[in-house]
Every structure is written in C-alpha cells, then in structure tokens.
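This report refers to the structure that appears directly beneath it.
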Amino acid sequence: MTLATPIPLEEAQAHLIDLARPLTSEIVPVEEAAGRYLAADIIARRSQPSGDLSAMDGFAVHGANLAGPWHVIGESAAGHPFEGSLAAGEAVSISTGALLPHGAGAILIQENSALEGKTLCLAGSDAATSAYIRRAGFDFAMGDKLLESGSALGPAQLALAIASGHATLSVGRRAKLCVIDSGDELASDPTNVAPHQVPASNRAMIAALAAPFAANCQGIGPVADEKSALIAAFERTGNAEIIVTSGGASVGDHDLVRPALEEWGATLDFWRIAMKPGKPLMVARKGTQIVLGLPGNPVSSYVTAFFFLLPLLRHLAGAREPMPQSLSVPLSEPIAQTGPRTEFIRAQMANGSVCPLAQRDSSALRTLAASNALIMRQAGTPAAKAGEAVLVYPLQNGGIA
Ligand SMILES: Nc1nc2c(c(=O)[nH]1)N[C@H]1C(S)=C(S)[C@@H](COP(=O)(O)OP(=O)(O)OC[C@H]3O[C@@H](n4cnc5c(N)ncnc54)[C@H](O)[C@@H]3O)O[C@H]1N2
Ligand code: MOO
C-alpha cells in the first residue's frame, strides 16, 4: 500500500508496528540483561526474605515481655544465625538482616538498650517492638509473578530477578540494524570538507540513538546519488533486519531512494506523515527486511528515528510498550499556533517547566544538541501562553524514562 496523502503520526506508528512481529527470544545472564525486554514472566523461585529477619541492629527478645529485663544468651549475625531458641525473658544480640531465632517476637534497637554483663534493660523511650521484624515472604513469595513478559529491564528489575532466584533470563532478541548515508554532497571525513559538501552526520546520530535497542549496527556510505550505487548498498545489508536510510526521499530529481528500493525489489508501504519535521518517510519491505527511509535534514532524521525507528526496534525486541513516553509540562514561554502538521519543537526542560527554542529549521543541529525534550503540538492547535501545560517528550533513553 502506498499512501500519497499525509497520514497522522499515530496512525503511521501503529501501521509500522503492525508490519513486524517481535523477534525470537534468547537466554542471557541477568547481569547482561539491562535495557532488554522480558520474553517470559519472571516467577519467584524463592521467597524474600526466606525467614523472619531483623530490620535493625539491637536485640531480638522473646515476645512475652516487651519491657525487659532479659538475659542475653547469644548472637544472631547476618549470615550466622543463632541456632537455639528463646525462652521467656531471653534475648540475643542481632544485626540488621540477621535471622530471628525461634521464640523471638520483638526487636529492641541498640539506641534504646543498656547491656550490663548478660543483662539487657530498656534505656530509651521505646520498648521492644515487632515493627522492626521483616516477615518471611513480605517482599515476595515463591511462585509470585514478579514481572510480566514485555517488561523493560533496568537496574531494579535485574536486582529483583537475582533476588528471586534467577541467574539467567529469557529476553527478546534485538534486531540487527544497518544505517546508510546517501547523497553526493556528503563528506565522509568531517576534517576535510569542500565548500559544496556537508559532513555526513546522520549515520552516527541514528546509530547512537538506536544502539540500546539494536543487536549491532552496520554503517554504509556515504553512497552516491546513483540508483545503481543505492541498489548495491541495499545488496550489502546482508542479514540486517532493519535498514535505515536518510535523505534522498523527497521529490527532487536526485531523490533516488524510492526508485532504488523499488528496483531492488522492495514493496513500499507509505511515505508521507503529517508531522513537522519529518514529512517524507518511507517504509518498505523486502522479505523479512524492513527499510525505513528517513528524511535527510538532520533534525528530521532525529525526530523520525525517535518516533518510528526506536518504537519499531523496541517492538522487535519484545517491548510491551514500545512508544516514547510523554509528560504534561507548563511552558516557560508562549508558543505560536500550529499549522496543518503535528509539530515537534526542540525545547529545554528544567525545574518543572519547558522552554521552546526559537530555531525551528530542520537542519539546525546546534538547537537539537541544546535540547533535552521535544514539545508536541497537534496540528491546528491554537497559540499557548506561558504557564499553560503542553505535551513533552523527554529525549533521554530514547524516550523511555
Ligand atoms: N519541493 C519540495 N522540496 C522539499 C520538500 C517538498 O515537500 N517539496 N520537502 C522538504 C522536506 S520537509 C524535507 S525534510 C526534505 C527531505 O529531503 P530528503 O529526505 O529528500 O533529503 P535530501 O534532500 O537528500 O537532504 C536534505 C538535507 O539533509 C542533508 N543530509 C542528507 N543526508 C545527510 C547525512 N547523512 N548527514 C548529514 N546531512 C544529510 C542534505 O545535505 C540536505 O541538506 O526535503 C525538502 N524539500
Ligand atoms: O519535514 Mo522536513 O522533515 O520539515 O524538514
């Protein structure tokens, strides 16, 4: 299907996600799973804690008498439990994280205690209390479903996986990526650029954006503005599951990506999105390969990679929620009404408000590099005053907080 009239961003995103199925899964050590997506639920293989523990340093006392005095008969240290059990009137010294002995019903914290020889007395404002006992299984119990398939794995999720008894995890395989720069004006060496040239910067930018969500990234180019050169480049993409081009996608005589893709044997799906920047965008398929043809202007490339390539890569990697996350943030400066395309405005977000940057040209990299967020303004939205809330996409972590 080729759509000639611009289609809304959300429709295009959904359409793209529908084209691809998540890749197969692989087993990786938990330590290497950060940034990946679970391909199976995490079920607790043990309970945490596995027994009642003390949450504080002090004394574990028999539960019958919370006011003392007690006779101290031993110690339970973390990793070295007290093997016996407590009778009425007895206590053991205990450290944070140590197992409570049988018979213990409360903790007297160090600060509220006085020890003379083996005799322990209250010495502070508070009596012994069971509030400082961490009960067995209070965090999770064996068999609990802790995380669902499709969840993103960050540091806390890795710790939970290990704590619940897992050394390895089943995660979605990430796509192999190939990014192609094309255009006769592109210089591959940024230290040696003629006046008629511009350094080829899109490939490195797109590869860096995609790196957390891709297995690897092959780079090709700059490729000359010749159909045969572009076809040869596509032939070299090998086993890449996702191929990204930037530039050459518009309506000019030298814009050859589309005809090259067609001659290579790819099927074009759609290529105009009602968004600014980023109007011309191609999606093509050949066999199991998906080609995303991003616009060449660097800011357009970045924005379309952010809203199309990254969700696609996350979807392939098994993410349940592949789309970037938005926030509602008040403006620090007024903003003009939008035109007929949904606009993404480079912005600086700090201290709870967001400032739209004045430079909107889709080639202006300096403003992009000064931004940490994109303000989204739906097509046809009226002007907004300072203080009004707007939707903002934070740029860090590819839009996934
Ligand atoms: N008559 C029309 N002209 C244009 C239209 C239109 O609708 N009618 N759309 C404009 C819009 S919007 C965009 S965006 C661009 C898209 O152009 P292309 O995707 O065909 O890209 P190019 O023309 O090849 O390049 C645009 C610009 O980007 C620079 N570029 C390209 N690749 C790289 C790279 N790898 N690294 C750095 N910079 C790159 C290139 O030098 C150009 O300056 O079309 C408008 N025109
Ligand atoms: O949409 Mo183009 O991507 O505005 O510069």
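Each chain of the structure tokens is named A, B, ... in the order shown, its residues numbered from 1; ligands are numbered from 1 in display order.
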
For region 356-370 of chain A, list every protein, DNA or RNA residue within 7 Å, evaluated using only C-alpha atoms, and leave out those in the same chain fewer than 6 positions away; present the list as a PyMOL selection string.
chain A and resi 277+297-300+333+345-348

For C-alpha atoms, I'd like the residues from the last selection saved as a compact mmCIF listing (two decimals), in the first residue's frame.
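That gives us again_19.txt:
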```txt
# COMPACT_ATOMS: atom_id res chain seq x y z
CA PRO A 277 9.83 17.99 10.89
CA ASN A 297 17.58 17.02 7.17
CA PRO A 298 19.37 16.06 10.38
CA VAL A 299 16.65 17.21 12.78
CA SER A 300 14.00 15.49 10.65
CA GLU A 333 7.49 30.98 27.18
CA ILE A 345 9.60 21.75 18.74
CA ARG A 346 13.06 21.41 20.22
CA ALA A 347 12.97 22.51 23.84
CA GLN A 348 14.82 22.74 27.13
```

To check your reading of the model: which residues sit at most 12 Å from ligand 2 when counting only C-alpha atoms and all ligand atoms? Write the answer as a ChimeraX atom specification.
/A:6,246-251,271-281,293-305,341-345,360-364

List as a PDB file with N, CA and C atoms, in the first residue's frame the protein and nucleic acid residues near Leu16 (chain A), meaning an atom at most 8 Å away when only C-alpha atoms are counted, but skip any in the same chain fewer than 2 places from it.
```pdb
ATOM      1  N   ALA A  12       0.450   6.217  11.491  1.00  0.00           N
ATOM      2  CA  ALA A  12       1.659   5.705  10.842  1.00  0.00           C
ATOM      3  C   ALA A  12       2.459   4.829  11.800  1.00  0.00           C
ATOM      4  N   GLN A  13       2.560   5.258  13.060  1.00  0.00           N
ATOM      5  CA  GLN A  13       3.301   4.460  14.049  1.00  0.00           C
ATOM      6  C   GLN A  13       2.642   3.089  14.226  1.00  0.00           C
ATOM      7  N   ALA A  14       1.317   3.096  14.359  1.00  0.00           N
ATOM      8  CA  ALA A  14       0.604   1.832  14.564  1.00  0.00           C
ATOM      9  C   ALA A  14       0.766   0.924  13.351  1.00  0.00           C
ATOM     10  N   ASP A  18       2.563  -2.772  13.247  1.00  0.00           N
ATOM     11  CA  ASP A  18       1.799  -3.925  12.725  1.00  0.00           C
ATOM     12  C   ASP A  18       2.576  -4.716  11.670  1.00  0.00           C
ATOM     13  N   LEU A  19       3.540  -4.055  11.024  1.00  0.00           N
ATOM     14  CA  LEU A  19       4.279  -4.734   9.951  1.00  0.00           C
ATOM     15  C   LEU A  19       5.234  -5.800  10.482  1.00  0.00           C
ATOM     16  N   ALA A  20       5.614  -5.675  11.750  1.00  0.00           N
ATOM     17  CA  ALA A  20       6.694  -6.531  12.253  1.00  0.00           C
ATOM     18  C   ALA A  20       6.251  -7.306  13.486  1.00  0.00           C
ATOM     19  N   VAL A 283       8.469   3.575   4.199  1.00  0.00           N
ATOM     20  CA  VAL A 283       8.588   2.263   4.820  1.00  0.00           C
ATOM     21  C   VAL A 283       8.478   1.249   3.705  1.00  0.00           C
ATOM     22  N   PHE A 308       9.699   6.633  15.035  1.00  0.00           N
ATOM     23  CA  PHE A 308       9.409   5.439  14.227  1.00  0.00           C
ATOM     24  C   PHE A 308      10.441   4.334  14.430  1.00  0.00           C
ATOM     25  N   LEU A 312       9.902   0.832  16.632  1.00  0.00           N
ATOM     26  CA  LEU A 312       9.983  -0.420  15.852  1.00  0.00           C
ATOM     27  C   LEU A 312      11.026  -1.362  16.464  1.00  0.00           C
TER      28      LEU A 312
END
```

Counting only C-alpha atoms, what is within 6 Å of region 197-211 of chain A, bar same-chain residues fewer than 2 positions away, as a ChimeraX atom specification?
/A:179,181,185-188,190,193-195,213-214

Selection file, N, CA and C atoms, as an mmCIF file, in the first residue's frame:
```
data_model
loop_
_atom_site.group_PDB
_atom_site.id
_atom_site.type_symbol
_atom_site.label_atom_id
_atom_site.label_comp_id
_atom_site.auth_asym_id
_atom_site.auth_seq_id
_atom_site.Cartn_x
_atom_site.Cartn_y
_atom_site.Cartn_z
ATOM 1 N N VAL A 179 22.563 1.206 8.842
ATOM 2 C CA VAL A 179 22.219 2.605 8.553
ATOM 3 C C VAL A 179 23.050 3.079 7.363
ATOM 4 N N ASP A 181 24.074 6.220 4.803
ATOM 5 C CA ASP A 181 24.090 7.639 4.429
ATOM 6 C C ASP A 181 24.125 7.719 2.912
ATOM 7 N N GLU A 185 26.510 15.224 -1.857
ATOM 8 C CA GLU A 185 27.085 16.348 -1.115
ATOM 9 C C GLU A 185 27.751 15.926 0.186
ATOM 10 N N LEU A 186 27.675 14.649 0.530
ATOM 11 C CA LEU A 186 28.158 14.221 1.845
ATOM 12 C C LEU A 186 29.651 13.907 1.832
ATOM 13 N N ALA A 187 30.358 14.426 2.845
ATOM 14 C CA ALA A 187 31.778 14.125 3.022
ATOM 15 C C ALA A 187 31.908 13.115 4.157
ATOM 16 N N SER A 188 32.695 12.066 3.913
ATOM 17 C CA SER A 188 32.828 11.054 4.970
ATOM 18 C C SER A 188 33.829 11.499 6.035
ATOM 19 N N PRO A 190 34.926 14.452 8.346
ATOM 20 C CA PRO A 190 34.492 15.797 8.781
ATOM 21 C C PRO A 190 35.643 16.790 8.895
ATOM 22 N N VAL A 193 36.330 18.877 4.328
ATOM 23 C CA VAL A 193 35.024 19.102 3.714
ATOM 24 C C VAL A 193 35.113 20.274 2.737
ATOM 25 N N ALA A 194 34.823 20.042 1.476
ATOM 26 C CA ALA A 194 34.842 21.099 0.471
ATOM 27 C C ALA A 194 33.608 21.990 0.638
ATOM 28 N N PRO A 195 33.639 23.217 0.069
ATOM 29 C CA PRO A 195 32.503 24.139 0.246
ATOM 30 C C PRO A 195 31.171 23.578 -0.259
ATOM 31 N N PHE A 213 18.808 -0.412 21.558
ATOM 32 C CA PHE A 213 17.681 -1.268 21.171
ATOM 33 C C PHE A 213 18.022 -2.191 20.006
ATOM 34 N N ALA A 214 19.275 -2.176 19.562
ATOM 35 C CA ALA A 214 19.681 -2.989 18.415
ATOM 36 C C ALA A 214 20.825 -3.909 18.820
#
```

Residues near Thr24 (chain A), cut-off 12 Å, only C-alpha atoms, skip fewer than 4 positions along chain, as a ChimeraX atom specification:
/A:37-40,170-175,315-318

Take the residues just selected and output them with N, CA and C atoms as a PDB file, in the first residue's frame.
```pdb
ATOM      1  N   TYR A  37      14.107  -6.586  26.994  1.00  0.00           N
ATOM      2  CA  TYR A  37      12.695  -6.791  27.340  1.00  0.00           C
ATOM      3  C   TYR A  37      12.461  -8.266  27.608  1.00  0.00           C
ATOM      4  N   LEU A  38      11.716  -8.551  28.673  1.00  0.00           N
ATOM      5  CA  LEU A  38      11.465  -9.946  29.061  1.00  0.00           C
ATOM      6  C   LEU A  38      10.652 -10.665  27.999  1.00  0.00           C
ATOM      7  N   ALA A  39      11.068 -11.892  27.685  1.00  0.00           N
ATOM      8  CA  ALA A  39      10.299 -12.719  26.746  1.00  0.00           C
ATOM      9  C   ALA A  39       9.440 -13.736  27.499  1.00  0.00           C
ATOM     10  N   ALA A  40       9.547 -13.759  28.820  1.00  0.00           N
ATOM     11  CA  ALA A  40       8.708 -14.638  29.656  1.00  0.00           C
ATOM     12  C   ALA A  40       8.518 -13.947  30.999  1.00  0.00           C
ATOM     13  N   SER A 170      15.094 -14.987  29.995  1.00  0.00           N
ATOM     14  CA  SER A 170      14.705 -15.089  28.594  1.00  0.00           C
ATOM     15  C   SER A 170      14.276 -13.692  28.135  1.00  0.00           C
ATOM     16  N   VAL A 171      15.006 -13.149  27.169  1.00  0.00           N
ATOM     17  CA  VAL A 171      14.715 -11.791  26.681  1.00  0.00           C
ATOM     18  C   VAL A 171      14.536 -11.825  25.164  1.00  0.00           C
ATOM     19  N   GLY A 172      13.876 -10.790  24.645  1.00  0.00           N
ATOM     20  CA  GLY A 172      13.691 -10.694  23.201  1.00  0.00           C
ATOM     21  C   GLY A 172      15.018 -10.418  22.513  1.00  0.00           C
ATOM     22  N   ARG A 173      15.224 -11.067  21.391  1.00  0.00           N
ATOM     23  CA  ARG A 173      16.418 -10.787  20.588  1.00  0.00           C
ATOM     24  C   ARG A 173      16.266  -9.394  19.977  1.00  0.00           C
ATOM     25  N   ARG A 174      17.369  -8.663  19.864  1.00  0.00           N
ATOM     26  CA  ARG A 174      17.305  -7.330  19.255  1.00  0.00           C
ATOM     27  C   ARG A 174      17.642  -7.415  17.768  1.00  0.00           C
ATOM     28  N   ALA A 175      17.083  -6.485  17.033  1.00  0.00           N
ATOM     29  CA  ALA A 175      17.278  -6.510  15.576  1.00  0.00           C
ATOM     30  C   ALA A 175      18.698  -6.111  15.200  1.00  0.00           C
ATOM     31  N   HIS A 315       9.712  -2.748  19.698  1.00  0.00           N
ATOM     32  CA  HIS A 315       8.679  -3.761  19.413  1.00  0.00           C
ATOM     33  C   HIS A 315       9.346  -5.082  19.006  1.00  0.00           C
ATOM     34  N   LEU A 316      10.322  -5.012  18.122  1.00  0.00           N
ATOM     35  CA  LEU A 316      11.016  -6.234  17.683  1.00  0.00           C
ATOM     36  C   LEU A 316      11.714  -6.907  18.853  1.00  0.00           C
ATOM     37  N   ALA A 317      12.227  -6.092  19.787  1.00  0.00           N
ATOM     38  CA  ALA A 317      12.954  -6.633  20.946  1.00  0.00           C
ATOM     39  C   ALA A 317      12.012  -7.132  22.032  1.00  0.00           C
ATOM     40  N   GLY A 318      10.694  -7.049  21.774  1.00  0.00           N
ATOM     41  CA  GLY A 318       9.726  -7.647  22.706  1.00  0.00           C
ATOM     42  C   GLY A 318       9.093  -6.695  23.690  1.00  0.00           C
TER      43      GLY A 318
END
```

With only C-alpha atoms as the counted atoms, please give the residues lying no more than 6 Å from region 376-392 of chain A, apart from itself and same-chain residues fewer than 2 positions off, as a list in words.
Ser326, Leu327, Ser328, Val329, Pro330, Leu331, Ser332, Glu333, Pro334, Ile335, Ala336, Gln337, Thr338, Gly339, Pro340, Arg341, Thr342, Glu343, Phe344 and Leu374 of chain A

What lies within 10 Å of Thr288 (chain A) using only C-alpha atoms, ignoring chain neighbours under 5 positions off, as a PyMOL selection string?
chain A and resi 20+239-242
